[in-house]
Amino acid sequence: MASYLTSPMMGRSYLTVRALVLIVTLLVVVEYFSLLQSAENADKHGPVVFRMLEPGDRVGYSRHVLQVVDPILYRTDRMVMVKVVSNRKVTMTTQTPVQSSGNVSLVPSSDLQQCSMIPPNLHGRFPVTVNDIPSMDDMSSMFPGLELGGRWSPKDCLAKHKVAIIVPYRDREPHLRAFLLNIHRFLQRQQVEYGIYIVEQSGTQPFNRAMLMNVGAAEALKQHEYQCFIFHDVDLLPEDDRNLYTCPIQPRHMSVSIDSFLYRLPYDDIFGGVSAMTVDQFRAVNGFSNLFWGWGGEDDDMANRLRVKKLFISRYPANIARYKMLKHGKEKANPERFKYLYSGAKRMARDGYNSLKYRKVDLMLKKLYTWVLVDLPHLKP
Ligand code: BGN
């Protein structure tokens, strides 16, 4: 046996195999570094330029649509509704004049300056915090400016955007803590007015991410007049605060480049991970389908809905729309996702936000977030 292993023939082919393994490993390493390098090089592009939409501009699927913003959001003659709630002033912006009544009165926004279009305190790329995440209690004291329900608005200027961050959730407490720590810091630098909605599915049935997002939208709108939804996986942490959590004129896919996908967009129409839609766009497509139980397909179904309604997926450049994904086990894919995906467009008018049913088990305005616990029924296709 020993002489067979050490025979010259065997020794040579063993060396050849080792050389081949070495070459393949080297090639993989070189490819990996060149991918990382190309993502880094994207940083050398110029700064993000924001541009107002001019009358007559055509908004199609083109890159600079990313920078197009809706001028109505930046009108200076917007009114502020001032409501006095137990001696405390609560301000709400409105685009159309509303009748004053009782303790609610309308004043022009000019007494409070609008926040500037590009937030002044952005850091650009920053290191996300994933280790030594504090407990929920300790974290609460780190964000003294928060109102109950994880709501915040800038104090020294009037926010231009009212954004509900909707997070489908179950059974990932360490991820939730890391998410909250990073996202509150991040959003406060962006000077948006926001609320965090953690929508938890009760029970042990397969996870229904899309239906939870419909629930989050419904519950958020019951509480406040949001204009913009950001649908957000709990395991994704933004790495660059130039990735503004606002809703532009077209729906925006936010998680363009994720570390675990080597900072590459997996395919053109992907709309999963983190995505932004105005409340109006969300209503126009009848929200998400309620029929996707288990992993996969629900975001592709939303991309189809957008296409049917002639909306286009816009994106920030990959060097800005970067995310770190927290580690977790693989979820069980939904074997029925292909079937529902292919028949999605013709069901869209009756399967979605308008057919949503759920049993609200609990709702609590916690310090760091609004928590909604729901039982989801299986709805008929
Ligand atoms: C795709 C999934 C998406 C998921 C992305 C990224 C499907 C449908 C199959 C036709 N789509 O494959 O839901 O967001 O991967 O992980 O499974």
# chains A, B, ... in the order shown; residues from 1 in each chain; ligands from 1
$ residues_around --residues "Gln191 in chain A" --least-positions-apart "2" --cutoff "7 Å" --atoms "only C-alpha atoms" --output "list of chain:residue names"
A:Pro119, A:Pro154, A:Ala159, A:Leu187, A:Gln188, A:Arg189, A:Glu193
$ residues_near_ligand --ligand "ligand 1" --cutoff "7 Å" --atoms "only C-alpha atoms and all ligand atoms" --output "list of chain:residue names"
A:Pro266, A:Ile270, A:Phe271, A:Gly272, A:Gly273, A:Trp295, A:Gly296, A:Gly297, A:Glu298, A:Asp299, A:Asp300, A:Arg337, A:Phe338
$ residues_around --residues "Tyr358 in chain A" --least-positions-apart "6" --cutoff "7 Å" --atoms "only C-alpha atoms" --output "PDB file with C-alpha atoms, in the first residue's frame"
ATOM      1  CA  VAL A 374     -50.857  39.740  14.165  1.00  0.00           C
ATOM      2  CA  ASP A 375     -52.508  36.467  13.315  1.00  0.00           C
ATOM      3  CA  LEU A 376     -52.641  36.032   9.565  1.00  0.00           C
ATOM      4  CA  PRO A 377     -55.428  33.962   7.989  1.00  0.00           C
TER       5      PRO A 377
END
$ closest_residue --among "A:Lys380, A:Lys339, A:Lys332, A:Arg12" --to "Pro206 in chain A" --atoms "only C-alpha atoms"
A:Lys332
$ atom_distance --atom1 "CA of Leu237 in chain A" --atom2 "CA of Tyr369 in chain A"
16.5 Å
$ closest_residue --among "A:Leu368, A:Val256, A:Met213, A:Leu244" --to "Met136 in chain A" --atoms "only C-alpha atoms"
A:Leu368
$ select_by_dssp --residues "range 124-329 of chain A" --states "alpha helix (DSSP H)" --output "number ranges by chain"
A: 136-142, 173-189, 209-223, 279-284, 298-308
$ closest_residue --among "A:Pro134, A:Pro251, A:Pro381, A:Pro174" --to "Tyr316 in chain A" --atoms "only C-alpha atoms"
A:Pro251
$ residues_around --residues "Val163 in chain A" --least-positions-apart "3" --cutoff "7 Å" --atoms "only C-alpha atoms" --output "PyMOL selection string"
chain A and resi 193-195+226-229+246
$ closest_residue --among "A:Gly287, A:Leu311, A:Asp235, A:Thr16" --to "Val215 in chain A" --atoms "only C-alpha atoms"
A:Gly287
$ closest_residue --among "A:Leu158, A:Leu363, A:Ala217, A:Met211" --to "Leu379 in chain A" --atoms "only C-alpha atoms"
A:Met211
$ closest_residue --among "A:Met139, A:Val372, A:Ala318, A:Ala349" --to "Ile166 in chain A" --atoms "only C-alpha atoms"
A:Val372
